[in-house]
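Here's start_22.tsv, which has TSV, C-alpha atoms and all ligand atoms:
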```
chain	number	residue	atom	x	y	z
A	1444	MET	CA	28.48	2.25	9.28
A	1445	LYS	CA	28.00	0.24	6.15
A	1446	ASN	CA	24.64	-0.96	7.45
A	1447	LEU	CA	23.57	2.59	8.21
A	1448	LYS	CA	24.30	3.57	4.62
A	1449	TYR	CA	22.06	0.76	3.38
A	1450	ILE	CA	19.31	1.70	5.83
A	1451	ILE	CA	19.40	5.32	4.62
A	1452	ILE	CA	19.38	4.28	0.96
A	1453	PHE	CA	16.52	1.90	1.66
A	1454	PHE	CA	14.60	4.59	3.54
A	1455	ILE	CA	14.95	7.02	0.64
A	1456	PHE	CA	14.02	4.31	-1.87
A	1457	SER	CA	10.97	3.12	0.02
A	1458	ASN	CA	9.60	6.64	0.34
A	1459	LEU	CA	10.23	7.55	-3.26
A	1460	ILE	CA	7.04	8.46	-5.05
A	1461	PHE	CA	6.95	6.66	-8.37
A	1462	SER	CA	4.88	8.05	-11.17
A	1463	GLN	CA	2.00	6.36	-12.89
A	1464	GLY	CA	2.15	4.73	-16.30
A	1465	VAL	CA	0.45	6.66	-19.09
A	1466	LYS	CA	-2.72	4.61	-18.98
A	1467	THR	CA	-5.40	4.51	-16.28
A	1468	PHE	CA	-6.75	0.97	-16.24
A	1469	PHE	CA	-9.33	1.43	-13.49
A	1470	LYS	CA	-10.59	4.56	-11.74
A	1471	SER	CA	-9.71	4.39	-8.05
A	1472	PRO	CA	-11.58	5.88	-5.09
A	1473	GLU	CA	-10.40	9.21	-3.62
A	1474	GLY	CA	-7.30	8.60	-1.50
A	1475	LYS	CA	-6.57	5.15	-2.92
A	1476	PHE	CA	-4.16	4.26	-5.71
A	1477	PHE	CA	-4.36	1.18	-7.91
A	1478	ILE	CA	-0.71	0.29	-8.59
A	1479	SER	CA	-0.46	-2.01	-11.63
A	1480	SER	CA	2.18	-4.69	-11.14
A	1481	ASP	CA	3.73	-7.85	-12.55
A	1482	LEU	CA	5.72	-9.54	-9.78
A	1483	HIS	CA	6.87	-12.68	-11.59
A	1484	ILE	CA	9.18	-12.20	-14.58
A	1485	HIS	CA	12.26	-14.02	-15.86
A	1486	THR	CA	15.26	-12.92	-17.91
A	1487	VAL	CA	18.42	-14.59	-19.23
A	1488	PHE	CA	19.74	-14.40	-15.66
A	1489	SER	CA	17.66	-17.53	-14.97
A	1490	ASP	CA	15.66	-19.36	-17.66
A	1491	GLY	CA	14.17	-16.39	-19.52
A	1492	LEU	CA	15.18	-15.47	-23.05
A	1493	VAL	CA	15.56	-11.68	-22.86
A	1494	TRP	CA	17.87	-9.15	-21.27
A	1495	PRO	CA	16.56	-7.29	-18.15
A	1496	THR	CA	16.31	-3.93	-19.95
A	1497	VAL	CA	13.83	-5.46	-22.41
A	1498	ARG	CA	11.57	-6.29	-19.46
A	1499	VAL	CA	11.70	-2.63	-18.43
A	1500	ASP	CA	10.79	-1.46	-21.94
A	1501	GLU	CA	7.95	-3.96	-22.19
A	1502	ALA	CA	6.53	-2.85	-18.84
A	1503	ILE	CA	6.71	0.84	-19.73
A	1504	ARG	CA	5.01	0.11	-23.05
A	1505	ASP	CA	2.30	-1.83	-21.17
A	1506	SER	CA	1.89	1.13	-18.78
A	1507	ILE	CA	2.77	-0.95	-15.73
A	1508	ASP	CA	3.75	0.88	-12.53
A	1509	LEU	CA	5.86	-1.75	-10.79
A	1510	ILE	CA	7.69	-4.95	-11.75
A	1511	SER	CA	10.01	-7.44	-10.14
A	1512	LEU	CA	12.48	-9.66	-11.98
A	1513	THR	CA	12.33	-12.93	-10.09
A	1514	GLU	CA	15.15	-15.15	-11.31
A	1515	HIS	CA	15.26	-18.75	-10.13
A	1516	ILE	CA	17.89	-19.24	-7.44
A	1517	GLU	CA	18.25	-22.96	-8.20
A	1518	TYR	CA	17.81	-22.96	-11.96
A	1519	GLN	CA	20.08	-20.91	-14.22
A	1520	SER	CA	19.82	-22.39	-17.69
A	1521	HIS	CA	22.27	-19.93	-19.30
A	1522	ILE	CA	24.94	-20.18	-16.59
A	1523	VAL	CA	27.58	-21.48	-19.03
A	1524	ASP	CA	27.25	-18.41	-21.27
A	1525	ILE	CA	26.27	-15.95	-18.54
A	1526	PRO	CA	28.13	-16.91	-15.37
A	1527	HIS	CA	27.13	-14.42	-12.70
A	1528	PRO	CA	28.24	-15.15	-9.15
A	1529	ASN	CA	26.42	-11.96	-8.08
A	1530	ARG	CA	22.76	-12.98	-8.07
A	1531	ASN	CA	21.62	-9.37	-7.79
A	1532	ARG	CA	22.76	-8.55	-11.35
A	1533	SER	CA	19.39	-8.82	-13.06
A	1534	PHE	CA	17.87	-6.33	-10.62
A	1535	GLN	CA	20.91	-4.04	-10.79
A	1536	ILE	CA	20.80	-3.87	-14.58
A	1537	ALA	CA	17.05	-3.21	-14.69
A	1538	SER	CA	16.99	-0.69	-11.86
A	1539	GLY	CA	19.99	1.13	-13.30
A	1540	TYR	CA	18.27	1.35	-16.67
A	1541	VAL	CA	14.87	2.43	-15.38
A	1542	GLN	CA	15.93	5.72	-13.82
A	1543	LYS	CA	13.60	8.64	-14.63
A	1544	GLN	CA	11.11	6.32	-16.31
A	1545	PRO	CA	7.53	5.93	-15.03
A	1546	LEU	CA	8.23	2.49	-13.62
A	1547	ALA	CA	9.49	1.09	-10.32
A	1548	VAL	CA	11.62	-2.06	-10.32
A	1549	VAL	CA	11.76	-3.87	-6.99
A	1550	HIS	CA	14.21	-6.58	-6.08
A	1551	GLY	CA	12.91	-10.15	-6.08
A	1552	THR	CA	13.85	-13.77	-6.61
A	1553	GLU	CA	12.25	-17.21	-7.05
A	1554	ILE	CA	13.02	-19.99	-4.56
A	1555	THR	CA	12.65	-23.05	-6.76
A	1556	LYS	CA	12.07	-26.46	-5.13
A	1557	GLY	CA	10.24	-29.65	-6.14
A	1558	MET	CA	6.67	-30.14	-4.91
A	1559	PRO	CA	6.18	-30.05	-2.03
A	1560	PRO	CA	7.01	-27.26	-1.21
A	1561	GLY	CA	7.16	-25.90	-4.81
A	1562	HIS	CA	8.18	-22.43	-6.03
A	1563	TYR	CA	8.08	-19.15	-4.06
A	1564	ASN	CA	8.72	-15.55	-4.98
A	1565	ALA	CA	10.30	-13.22	-2.45
A	1566	ILE	CA	9.76	-9.54	-3.32
A	1567	PHE	CA	11.48	-6.51	-1.72
A	1568	VAL	CA	14.61	-8.51	-0.87
A	1569	ASN	CA	17.90	-6.64	-0.53
A	1570	ASP	CA	20.48	-9.32	-1.30
A	1571	VAL	CA	19.82	-12.55	-3.22
A	1572	ASN	CA	23.41	-13.74	-2.63
A	1573	LYS	CA	22.37	-14.40	0.98
A	1574	PHE	CA	20.09	-17.22	-0.24
A	1575	PHE	CA	23.23	-19.33	-0.65
A	1576	ASP	CA	25.18	-21.20	2.02
A	1577	LEU	CA	28.89	-20.63	2.57
A	1578	ASP	CA	29.63	-23.59	0.28
A	1579	LYS	CA	27.76	-21.64	-2.45
A	1580	LYS	CA	24.87	-24.10	-2.56
A	1581	PRO	CA	21.32	-22.72	-2.51
A	1582	LYS	CA	19.86	-22.79	0.98
A	1583	GLU	CA	17.44	-25.56	1.95
A	1584	PHE	CA	13.79	-24.55	1.64
A	1585	MET	CA	13.09	-23.56	5.25
A	1586	ASP	CA	16.35	-21.62	5.51
A	1587	ALA	CA	15.59	-19.82	2.24
A	1588	ILE	CA	12.09	-18.87	3.42
A	1589	LYS	CA	13.54	-17.66	6.71
A	1590	GLU	CA	16.17	-15.63	4.84
A	1591	ALA	CA	13.42	-14.00	2.78
A	1592	ASN	CA	11.56	-13.09	5.96
A	1593	ASN	CA	14.78	-11.80	7.56
A	1594	GLN	CA	15.03	-9.42	4.61
A	1595	ASP	CA	11.39	-8.33	5.25
A	1596	ALA	CA	10.36	-9.76	1.89
A	1597	PHE	CA	6.79	-10.31	0.78
A	1598	VAL	CA	6.67	-14.06	0.06
A	1599	PHE	CA	4.11	-15.73	-2.16
A	1600	TRP	CA	3.58	-19.29	-3.39
A	1601	ASN	CA	3.88	-19.51	-7.18
A	1602	HIS	CA	1.55	-21.53	-9.39
A	1603	PRO	CA	0.32	-23.94	-6.66
A	1604	HIS	CA	-1.89	-25.51	-9.33
A	1605	TRP	CA	0.87	-25.95	-11.97
A	1606	GLU	CA	0.10	-29.18	-13.83
A	1607	ALA	CA	3.80	-30.14	-13.85
A	1608	GLN	CA	3.69	-30.22	-10.04
A	1609	ARG	CA	0.01	-31.14	-9.50
A	1610	SER	CA	-1.05	-33.62	-12.16
A	1611	ASP	CA	-4.77	-32.93	-11.52
A	1612	GLY	CA	-4.28	-29.15	-11.64
A	1613	ILE	CA	-5.78	-28.83	-8.15
A	1614	ALA	CA	-4.03	-26.52	-5.67
A	1615	ARG	CA	-3.93	-28.02	-2.19
A	1616	LEU	CA	-1.99	-27.63	1.03
A	1617	ASP	CA	0.63	-30.16	2.15
A	1618	PRO	CA	1.87	-30.11	5.77
A	1619	ILE	CA	4.87	-27.94	4.79
A	1620	HIS	CA	2.50	-25.30	3.38
A	1621	LYS	CA	0.39	-25.32	6.54
A	1622	GLU	CA	3.57	-24.90	8.56
A	1623	ILE	CA	4.83	-21.81	6.69
A	1624	ILE	CA	1.36	-20.28	6.80
A	1625	LYS	CA	1.14	-20.89	10.56
A	1626	LYS	CA	4.59	-19.37	11.09
A	1627	LYS	CA	3.57	-16.35	8.97
A	1628	TYR	CA	6.47	-16.95	6.55
A	1629	LEU	CA	4.02	-17.02	3.64
A	1630	HIS	CA	2.04	-13.90	2.79
A	1631	GLY	CA	0.48	-14.46	-0.62
A	1632	ILE	CA	-0.41	-16.99	-3.28
A	1633	GLU	CA	-0.69	-16.90	-7.05
A	1634	ILE	CA	-4.25	-17.66	-8.04
A	1635	VAL	CA	-3.47	-16.54	-11.60
A	1636	ASN	CA	-0.24	-17.60	-13.31
A	1637	MET	CA	0.41	-17.00	-17.00
A	1638	PHE	CA	-2.65	-18.59	-18.72
A	1639	THR	CA	-4.23	-20.26	-15.69
A	1640	PHE	CA	-6.67	-19.29	-12.92
A	1641	SER	CA	-7.12	-21.60	-9.91
A	1642	GLU	CA	-10.37	-21.34	-7.95
A	1643	GLU	CA	-8.87	-23.82	-5.47
A	1644	ALA	CA	-5.90	-21.49	-4.88
A	1645	MET	CA	-8.39	-18.65	-4.42
A	1646	GLN	CA	-10.16	-20.68	-1.74
A	1647	ILE	CA	-6.81	-21.32	-0.02
A	1648	ALA	CA	-6.15	-17.56	-0.09
A	1649	LEU	CA	-9.56	-16.80	1.45
A	1650	GLU	CA	-9.29	-19.46	4.16
A	1651	ASN	CA	-5.72	-18.60	5.16
A	1652	ASN	CA	-5.81	-14.84	4.71
A	1653	LEU	CA	-3.18	-14.85	1.96
A	1654	THR	CA	-2.85	-12.01	-0.54
A	1655	MET	CA	-4.13	-12.91	-4.02
A	1656	ILE	CA	-1.56	-12.48	-6.78
A	1657	GLY	CA	-1.73	-12.81	-10.57
A	1658	THR	CA	1.42	-12.73	-12.71
A	1659	SER	CA	2.71	-13.27	-16.24
A	1660	ASP	CA	5.64	-15.56	-15.21
A	1661	VAL	CA	6.93	-14.58	-18.64
A	1662	HIS	CA	10.06	-16.22	-20.07
A	1663	VAL	CA	9.91	-15.18	-23.74
A	1664	LEU	CA	8.83	-11.78	-25.09
A	1665	ILE	CA	5.54	-10.55	-23.61
A	1666	ASP	CA	4.10	-10.21	-27.11
A	1667	TRP	CA	4.82	-13.81	-27.96
A	1668	ASP	CA	2.87	-15.06	-24.94
A	1669	PHE	CA	0.16	-12.47	-24.48
A	1670	LYS	CA	-0.70	-10.88	-27.79
A	1671	ASN	CA	-2.97	-12.58	-30.25
A	1672	GLU	CA	-5.67	-11.58	-32.69
A	1673	ARG	CA	-7.71	-9.92	-29.94
A	1674	GLU	CA	-6.66	-6.32	-29.54
A	1675	SER	CA	-7.68	-6.24	-25.87
A	1676	TYR	CA	-5.37	-9.09	-24.91
A	1677	HIS	CA	-3.01	-8.32	-22.06
A	1678	ARG	CA	-0.73	-9.98	-19.52
A	1679	PRO	CA	-2.23	-10.84	-16.11
A	1680	LEU	CA	-1.76	-7.90	-13.74
A	1681	THR	CA	-2.05	-7.54	-10.00
A	1682	PHE	CA	-3.40	-4.15	-8.90
A	1683	ILE	CA	-2.18	-3.18	-5.46
A	1684	VAL	CA	-4.55	-0.87	-3.57
A	1685	ALA	CA	-2.08	1.51	-1.89
A	1686	GLU	CA	-2.57	4.67	0.16
A	1687	ASN	CA	0.02	6.52	-1.91
A	1688	ARG	CA	2.44	5.83	-4.73
A	1689	THR	CA	5.47	4.86	-2.65
A	1690	ILE	CA	7.25	1.52	-2.34
A	1691	LYS	CA	6.46	1.54	1.39
A	1692	ALA	CA	2.70	1.97	0.84
A	1693	THR	CA	2.76	-0.63	-1.95
A	1694	SER	CA	4.53	-3.15	0.27
A	1695	ASP	CA	2.14	-2.43	3.18
A	1696	ALA	CA	-0.87	-2.99	0.92
A	1697	LEU	CA	0.54	-6.30	-0.32
A	1698	PHE	CA	1.00	-7.55	3.24
A	1699	GLN	CA	-2.56	-6.41	4.04
A	1700	GLY	CA	-4.11	-8.37	1.17
A	1701	LYS	CA	-5.22	-5.29	-0.74
A	1702	THR	CA	-5.04	-6.54	-4.33
A	1703	PHE	CA	-7.17	-7.47	-7.29
A	1704	ILE	CA	-6.22	-9.26	-10.48
A	1705	TRP	CA	-7.04	-8.55	-14.12
A	1706	PHE	CA	-6.93	-11.84	-16.06
A	1707	HIS	CA	-8.42	-12.03	-19.58
A	1708	ASP	CA	-11.84	-10.38	-19.02
A	1709	LEU	CA	-12.02	-11.37	-15.35
A	1710	ILE	CA	-11.50	-9.14	-12.33
A	1711	ILE	CA	-10.63	-11.36	-9.38
A	1712	GLY	CA	-10.11	-10.53	-5.71
A	1713	LYS	CA	-11.49	-10.24	-2.22
A	1714	GLU	CA	-14.96	-8.72	-2.05
A	1715	GLU	CA	-13.95	-5.45	-0.37
A	1716	ASN	CA	-11.30	-4.78	-3.03
A	1717	LEU	CA	-13.59	-5.59	-5.96
A	1718	TYR	CA	-16.38	-3.49	-4.48
A	1719	ASP	CA	-14.15	-0.41	-4.79
A	1720	VAL	CA	-13.36	-1.26	-8.41
A	1721	ALA	CA	-17.01	-1.76	-9.33
A	1722	SER	CA	-18.36	1.28	-7.53
A	1723	GLU	CA	-15.80	3.60	-9.15
A	1724	ASN	CA	-15.87	2.13	-12.64
A	1725	LEU	CA	-19.57	1.56	-13.17
A	1726	SER	CA	-21.69	4.72	-13.25
A	1727	VAL	CA	-25.48	4.50	-13.43
A	1728	ILE	CA	-27.20	7.80	-14.17
A	1729	SER	CA	-30.89	8.57	-14.50
A	1730	GLU	CA	-31.89	10.59	-17.56
A	1731	GLY	CA	-35.52	10.69	-16.42
A	1732	TYR	CA	-38.92	9.71	-17.79
A	1733	ASN	CA	-40.15	10.99	-21.13
A	1734	SER	CA	-36.50	11.63	-21.88
A	1735	GLY	CA	-36.82	12.47	-25.54
A	1736	GLY	CA	-34.61	9.50	-26.40
A	1737	MET	CA	-35.33	6.60	-28.69
A	1738	PHE	CA	-38.21	5.28	-26.58
A	1739	SER	CA	-39.65	8.44	-25.04
A	1740	ALA	CA	-42.75	7.64	-22.95
A	1741	GLU	CA	-44.31	8.81	-19.71
A	1742	LYS	CA	-43.44	5.73	-17.67
A	1743	LEU	CA	-40.25	4.60	-19.39
A	1744	LEU	CA	-37.19	5.53	-17.37
A	1745	LYS	CA	-34.02	6.15	-19.37
A	1746	VAL	CA	-30.81	5.20	-17.57
A	1747	LYS	CA	-27.26	5.58	-18.79
A	1748	LEU	CA	-24.70	2.92	-17.83
A	1749	ILE	CA	-21.03	3.90	-18.10
A	1750	ASN	CA	-18.00	1.61	-17.87
A	1751	HIS	CA	-14.89	3.70	-17.09
A	1752	SER	CA	-12.48	0.76	-17.01
A	1753	VAL	CA	-10.37	-1.13	-19.55
A	1754	ALA	CA	-12.17	-4.41	-18.77
A	1755	PRO	CA	-15.75	-5.28	-19.68
A	1756	ILE	CA	-18.46	-5.13	-17.03
A	1757	GLN	CA	-20.94	-7.96	-17.54
A	1758	LEU	CA	-24.09	-7.14	-15.62
A	1759	LYS	CA	-26.92	-9.37	-14.59
A	1760	TYR	CA	-29.84	-7.27	-13.32
A	1761	LEU	CA	-31.36	-8.83	-10.18
A	1762	GLY	CA	-34.32	-6.47	-9.63
A	1763	GLU	CA	-38.06	-6.85	-10.20
A	1764	PHE	CA	-38.47	-4.75	-13.34
A	1765	THR	CA	-37.87	-5.51	-17.01
A	1766	PHE	CA	-36.16	-3.48	-19.70
A	1767	HIS	CA	-37.74	-2.17	-22.87
A	1768	SER	CA	-34.99	-3.24	-25.28
A	1769	ASP	CA	-32.63	-5.34	-23.20
A	1770	PHE	CA	-32.65	-8.58	-21.29
A	1771	ASN	CA	-31.38	-8.84	-17.71
A	1772	PHE	CA	-27.87	-9.50	-19.08
A	1773	ILE	CA	-26.03	-6.37	-20.20
A	1774	ASP	CA	-22.45	-6.57	-21.44
A	1775	LEU	CA	-20.71	-3.20	-21.15
A	1776	ALA	CA	-17.62	-3.12	-23.36
A	1777	PRO	CA	-14.43	-1.52	-21.97
A	1778	LYS	CA	-14.64	2.30	-21.80
A	1779	SER	CA	-18.16	2.39	-23.17
A	1780	GLU	CA	-21.63	3.60	-22.30
A	1781	LYS	CA	-25.10	2.31	-23.02
A	1782	GLU	CA	-28.65	3.61	-22.60
A	1783	VAL	CA	-31.35	1.31	-21.26
A	1784	TYR	CA	-35.07	1.92	-20.71
A	1785	ILE	CA	-36.63	0.50	-17.54
A	1786	LYS	CA	-40.36	-0.20	-17.27
A	1787	THR	CA	-40.98	0.96	-13.70
A	1788	LYS	CA	-44.81	0.87	-14.03
A	1789	ASN	CA	-45.13	3.91	-11.73
A	1790	ILE	CA	-43.24	7.19	-11.72
A	1791	LEU	CA	-40.48	6.82	-9.12
A	1792	THR	CA	-38.17	9.39	-7.51
A	1793	THR	CA	-35.48	6.90	-6.51
A	1794	LEU	CA	-34.67	3.44	-7.76
A	1795	ASP	CA	-32.40	0.66	-6.54
A	1796	LEU	CA	-30.68	-1.23	-9.34
A	1797	PRO	CA	-29.18	-4.45	-7.94
A	1798	PHE	CA	-26.68	-6.18	-10.22
A	1799	GLU	CA	-24.48	-9.21	-10.15
A	1800	ILE	CA	-21.25	-8.60	-12.11
A	1801	LEU	CA	-20.61	-11.87	-13.87
A	1802	ASN	CA	-16.94	-11.25	-14.67
A	1803	TYR	CA	-16.05	-9.97	-11.16
A	1804	VAL	CA	-15.04	-13.00	-9.06
A	1805	ILE	CA	-14.94	-12.72	-5.24
A	1806	ALA	CA	-14.75	-16.45	-4.38
A	1807	PRO	CA	-14.95	-19.77	-6.25
A	1808	LYS	CA	-18.14	-19.80	-8.31
A	1809	THR	CA	-19.22	-16.50	-6.73
A	1810	ASN	CA	-19.59	-13.09	-8.35
A	1811	LEU	CA	-19.69	-9.60	-6.88
A	1812	LYS	CA	-23.11	-8.09	-6.23
A	1813	ILE	CA	-23.61	-4.36	-6.14
A	1814	ASN	CA	-26.62	-2.09	-5.69
A	1815	LYS	CA	-26.69	1.16	-7.65
A	1816	LYS	CA	-29.16	3.63	-6.16
A	1817	ILE	CA	-30.26	6.40	-8.51
A	1818	ASN	CA	-32.16	9.60	-7.90
A	1819	ILE	CA	-34.64	10.48	-10.63
A	1820	GLU	CA	-35.13	14.17	-11.41
B	1901	ZN	ZN	8.07	-21.23	-10.89
B	1902	ZN	ZN	8.87	-18.36	-12.48
```

Here is a file; write its structure as structure tokens.
Amino acid sequence: MKNLKYIIIFFIFSNLIFSQGVKTFFKSPEGKFFISSDLHIHTVFSDGLVWPTVRVDEAIRDSIDLISLTEHIEYQSHIVDIPHPNRNRSFQIASGYVQKQPLAVVHGTEITKGMPPGHYNAIFVNDVNKFFDLDKKPKEFMDAIKEANNQDAFVFWNHPHWEAQRSDGIARLDPIHKEIIKKKYLHGIEIVNMFTFSEEAMQIALENNLTMIGTSDVHVLIDWDFKNERESYHRPLTFIVAENRTIKATSDALFQGKTFIWFHDLIIGKEENLYDVASENLSVISEGYNSGGMFSAEKLLKVKLINHSVAPIQLKYLGEFTFHSDFNFIDLAPKSEKEVYIKTKNILTTLDLPFEILNYVIAPKTNLKINKKINIE
């Protein structure tokens, strides 16, 4: 009976539609929703320095849709002052506080072992107390990973390139990692953590079909770590490409690898996910020949480029023509537009504009390419 109650509560929770933060970061295609998330956050309930409600306020201020407070199971640096035998407290405090706010808090934790295996976040857990043995000791690694999977958690490997655990900063797989991948106990991997981006971790994600994750892993106040003199500075965010704004759809999308990451000015993710971002957020519109603009001439084609997103779009034009007042590199600032004049030599009715987007990363040392076809009136 007790179990049934939990199942019903979980069913209601997972089908709850959560609202969007006030800000649209990236336009999404019809029928898809880009859920902004930070799935790696600490509070005083492990080794963080703030109370869980502060994390909620920070996330709402940053217009984030979904967060998880992922306290270390094995490392509780404030345990003398904040003894808490119930390891679900951080989540309970945050989720109790968040009600009726435009933010979803999902239950998570960080399994914290030396390397190998390293650190792992388990998201969408229902009881962190079950990660302890009867003698109250944290479970051994394999048992902890199995417990996470028993609770249907989404499990990802944290900071596989962390210099404290990999002295050369290179993410690589040890036999234990290959084993949990093979057994399907591991579903994702951080390729961005705090201030770092690992191309090697990205390669591991691509080769092993792991979901790419980017997180703040914040311990102090978000502002202390992620605000500086640049106004556009922001914490790393993972955008989850969900079919609707429910926990169930968000979880499904995570398991299916449907994410992209916003880190500094970079947009990072699998090609199919980044293609959606680029095609929705870069508009290329013909304004015709002899347009009456700054360089009006019979065979100069005026084209307007629009960036709808909060990140820059750094274009490298790959086609055969040249521009009248630009080079083949065009840097579109966030939420901006720019007019360019293309010397097409002849009067055309359609034109393909192939671009490489230099800040959109689809694999190590590889950028997204996109063709924008325009019709000329
Ligand atoms: Zn960690
Ligand atoms: Zn952590």

Find the residues of chain A that sit at most 7 Å from ligand ZN 1902 (chain B); for each, write down the nearest two atoms and how far apart they are in Å, to one decimal. Count all atoms listed in the file. Sort by chain, then by number going up, and give it as a tab-separated table.
```
residue	atom	partner	partner_atom	distance
A:His1483	CA	B:ZN1902	ZN	6.1
A:Ile1484	CA	B:ZN1902	ZN	6.5
A:His1485	CA	B:ZN1902	ZN	6.5
A:Thr1513	CA	B:ZN1902	ZN	6.9
A:His1515	CA	B:ZN1902	ZN	6.8
A:Glu1553	CA	B:ZN1902	ZN	6.5
A:Asp1660	CA	B:ZN1902	ZN	5.1
```

Polymer residues at most 7 Å from range 1583-1599 of chain A, only C-alpha atoms, same-chain spacing of 4 or more positions, as a short mmCIF file (atom, residue, chain, number, x, y, z; two decimals) with C-alpha atoms, keeping the file's coordinate frame:
```cif
data_model
loop_
_atom_site.label_atom_id
_atom_site.label_comp_id
_atom_site.auth_asym_id
_atom_site.auth_seq_id
_atom_site.Cartn_x
_atom_site.Cartn_y
_atom_site.Cartn_z
CA TYR A 1563 8.08 -19.15 -4.06
CA ASN A 1564 8.72 -15.55 -4.98
CA ALA A 1565 10.30 -13.22 -2.45
CA ILE A 1566 9.76 -9.54 -3.32
CA PHE A 1567 11.48 -6.51 -1.72
CA VAL A 1568 14.61 -8.51 -0.87
CA ASN A 1569 17.90 -6.64 -0.53
CA PHE A 1574 20.09 -17.22 -0.24
CA TYR A 1628 6.47 -16.95 6.55
CA LEU A 1629 4.02 -17.02 3.64
CA HIS A 1630 2.04 -13.90 2.79
CA GLY A 1631 0.48 -14.46 -0.62
CA ILE A 1632 -0.41 -16.99 -3.28
CA GLU A 1633 -0.69 -16.90 -7.05
CA PHE A 1698 1.00 -7.55 3.24
#
```

Between A:Lys1670, A:Lys1626, A:Lys1621, A:Arg1532, which has the minimum distance to Glu1650 in chain A (counting all atoms listed in the file)?
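Closest candidate: A:Lys1621.
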
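Between ligand ZN 1901 (chain B) and the candidates A:Asp1774, A:Glu1741, A:Glu1514, A:Asp1617, the tightest atom-to-atom separation, counting only C-alpha atoms and all ligand atoms, involves A:Glu1514.
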
Choose the residue, out of A:Ile1805, A:Lys1747, A:Thr1486, A:Phe1738, that has the smallest atom-to-atom separation from Phe1703 in chain A; count only C-alpha atoms.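 Distance minimum relative to Phe1703 in chain A lands on A:Ile1805.
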
- prompt: Suppose you want the space between CA of Val1497 in chain A and CA of Ala1537 in chain A; what is it in Å?
  reply: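 One can read the CA of Val1497 in chain A to CA of Ala1537 in chain A distance as 8.7 Å.
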
**Asked** Ala1806 in chain A: which residues within 12 Å, counting all atoms listed in the file, same-chain residues fewer than 4 positions away excluded, as a list in words?
**Response**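 Listing them by chain and then by number gives Ile1634, Ser1641, Glu1642, Glu1643, Ala1644, Met1645, Gln1646, Ile1647, Ala1648, Leu1649, Glu1650, Met1655, Ile1710, Ile1711, Gly1712, Lys1713, Glu1714, Glu1715, Leu1717, Asn1802, Asn1810, Leu1811 and Lys1812 of chain A.
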
With C-alpha atoms kept, could you save the residues just selected as a compact mmCIF listing (two decimals), keeping the file's coordinate frame?
```txt
# COMPACT_ATOMS: atom_id res chain seq x y z
CA ILE A 1634 -4.25 -17.66 -8.04
CA SER A 1641 -7.12 -21.60 -9.91
CA GLU A 1642 -10.37 -21.34 -7.95
CA GLU A 1643 -8.87 -23.82 -5.47
CA ALA A 1644 -5.90 -21.49 -4.88
CA MET A 1645 -8.39 -18.65 -4.42
CA GLN A 1646 -10.16 -20.68 -1.74
CA ILE A 1647 -6.81 -21.32 -0.02
CA ALA A 1648 -6.15 -17.56 -0.09
CA LEU A 1649 -9.56 -16.80 1.45
CA GLU A 1650 -9.29 -19.46 4.16
CA MET A 1655 -4.13 -12.91 -4.02
CA ILE A 1710 -11.50 -9.14 -12.33
CA ILE A 1711 -10.63 -11.36 -9.38
CA GLY A 1712 -10.11 -10.53 -5.71
CA LYS A 1713 -11.49 -10.24 -2.22
CA GLU A 1714 -14.96 -8.72 -2.05
CA GLU A 1715 -13.95 -5.45 -0.37
CA LEU A 1717 -13.59 -5.59 -5.96
CA ASN A 1802 -16.94 -11.25 -14.67
CA ASN A 1810 -19.59 -13.09 -8.35
CA LEU A 1811 -19.69 -9.60 -6.88
CA LYS A 1812 -23.11 -8.09 -6.23
```

What residues of the protein or nucleic acid chains come within 12 Å of ligand ZN 1901 (chain B) when you use all atoms listed in the file? Reply as a ChimeraX atom specification. /A:1482-1485,1489-1491,1513-1518,1552-1558,1560-1565,1599-1608,1633,1636-1637,1658-1662

The selected residues should be written to file as a short mmCIF file (atom, residue, chain, number, x, y, z; two decimals), in the coordinates of the input (atoms: C-alpha atoms).
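File written: part.cif
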```
data_model
loop_
_atom_site.label_atom_id
_atom_site.label_comp_id
_atom_site.auth_asym_id
_atom_site.auth_seq_id
_atom_site.Cartn_x
_atom_site.Cartn_y
_atom_site.Cartn_z
CA LEU A 1482 5.72 -9.54 -9.78
CA HIS A 1483 6.87 -12.68 -11.59
CA ILE A 1484 9.18 -12.20 -14.58
CA HIS A 1485 12.26 -14.02 -15.86
CA SER A 1489 17.66 -17.53 -14.97
CA ASP A 1490 15.66 -19.36 -17.66
CA GLY A 1491 14.17 -16.39 -19.52
CA THR A 1513 12.33 -12.93 -10.09
CA GLU A 1514 15.15 -15.15 -11.31
CA HIS A 1515 15.26 -18.75 -10.13
CA ILE A 1516 17.89 -19.24 -7.44
CA GLU A 1517 18.25 -22.96 -8.20
CA TYR A 1518 17.81 -22.96 -11.96
CA THR A 1552 13.85 -13.77 -6.61
CA GLU A 1553 12.25 -17.21 -7.05
CA ILE A 1554 13.02 -19.99 -4.56
CA THR A 1555 12.65 -23.05 -6.76
CA LYS A 1556 12.07 -26.46 -5.13
CA GLY A 1557 10.24 -29.65 -6.14
CA MET A 1558 6.67 -30.14 -4.91
CA PRO A 1560 7.01 -27.26 -1.21
CA GLY A 1561 7.16 -25.90 -4.81
CA HIS A 1562 8.18 -22.43 -6.03
CA TYR A 1563 8.08 -19.15 -4.06
CA ASN A 1564 8.72 -15.55 -4.98
CA ALA A 1565 10.30 -13.22 -2.45
CA PHE A 1599 4.11 -15.73 -2.16
CA TRP A 1600 3.58 -19.29 -3.39
CA ASN A 1601 3.88 -19.51 -7.18
CA HIS A 1602 1.55 -21.53 -9.39
CA PRO A 1603 0.32 -23.94 -6.66
CA HIS A 1604 -1.89 -25.51 -9.33
CA TRP A 1605 0.87 -25.95 -11.97
CA GLU A 1606 0.10 -29.18 -13.83
CA ALA A 1607 3.80 -30.14 -13.85
CA GLN A 1608 3.69 -30.22 -10.04
CA GLU A 1633 -0.69 -16.90 -7.05
CA ASN A 1636 -0.24 -17.60 -13.31
CA MET A 1637 0.41 -17.00 -17.00
CA THR A 1658 1.42 -12.73 -12.71
CA SER A 1659 2.71 -13.27 -16.24
CA ASP A 1660 5.64 -15.56 -15.21
CA VAL A 1661 6.93 -14.58 -18.64
CA HIS A 1662 10.06 -16.22 -20.07
#
```
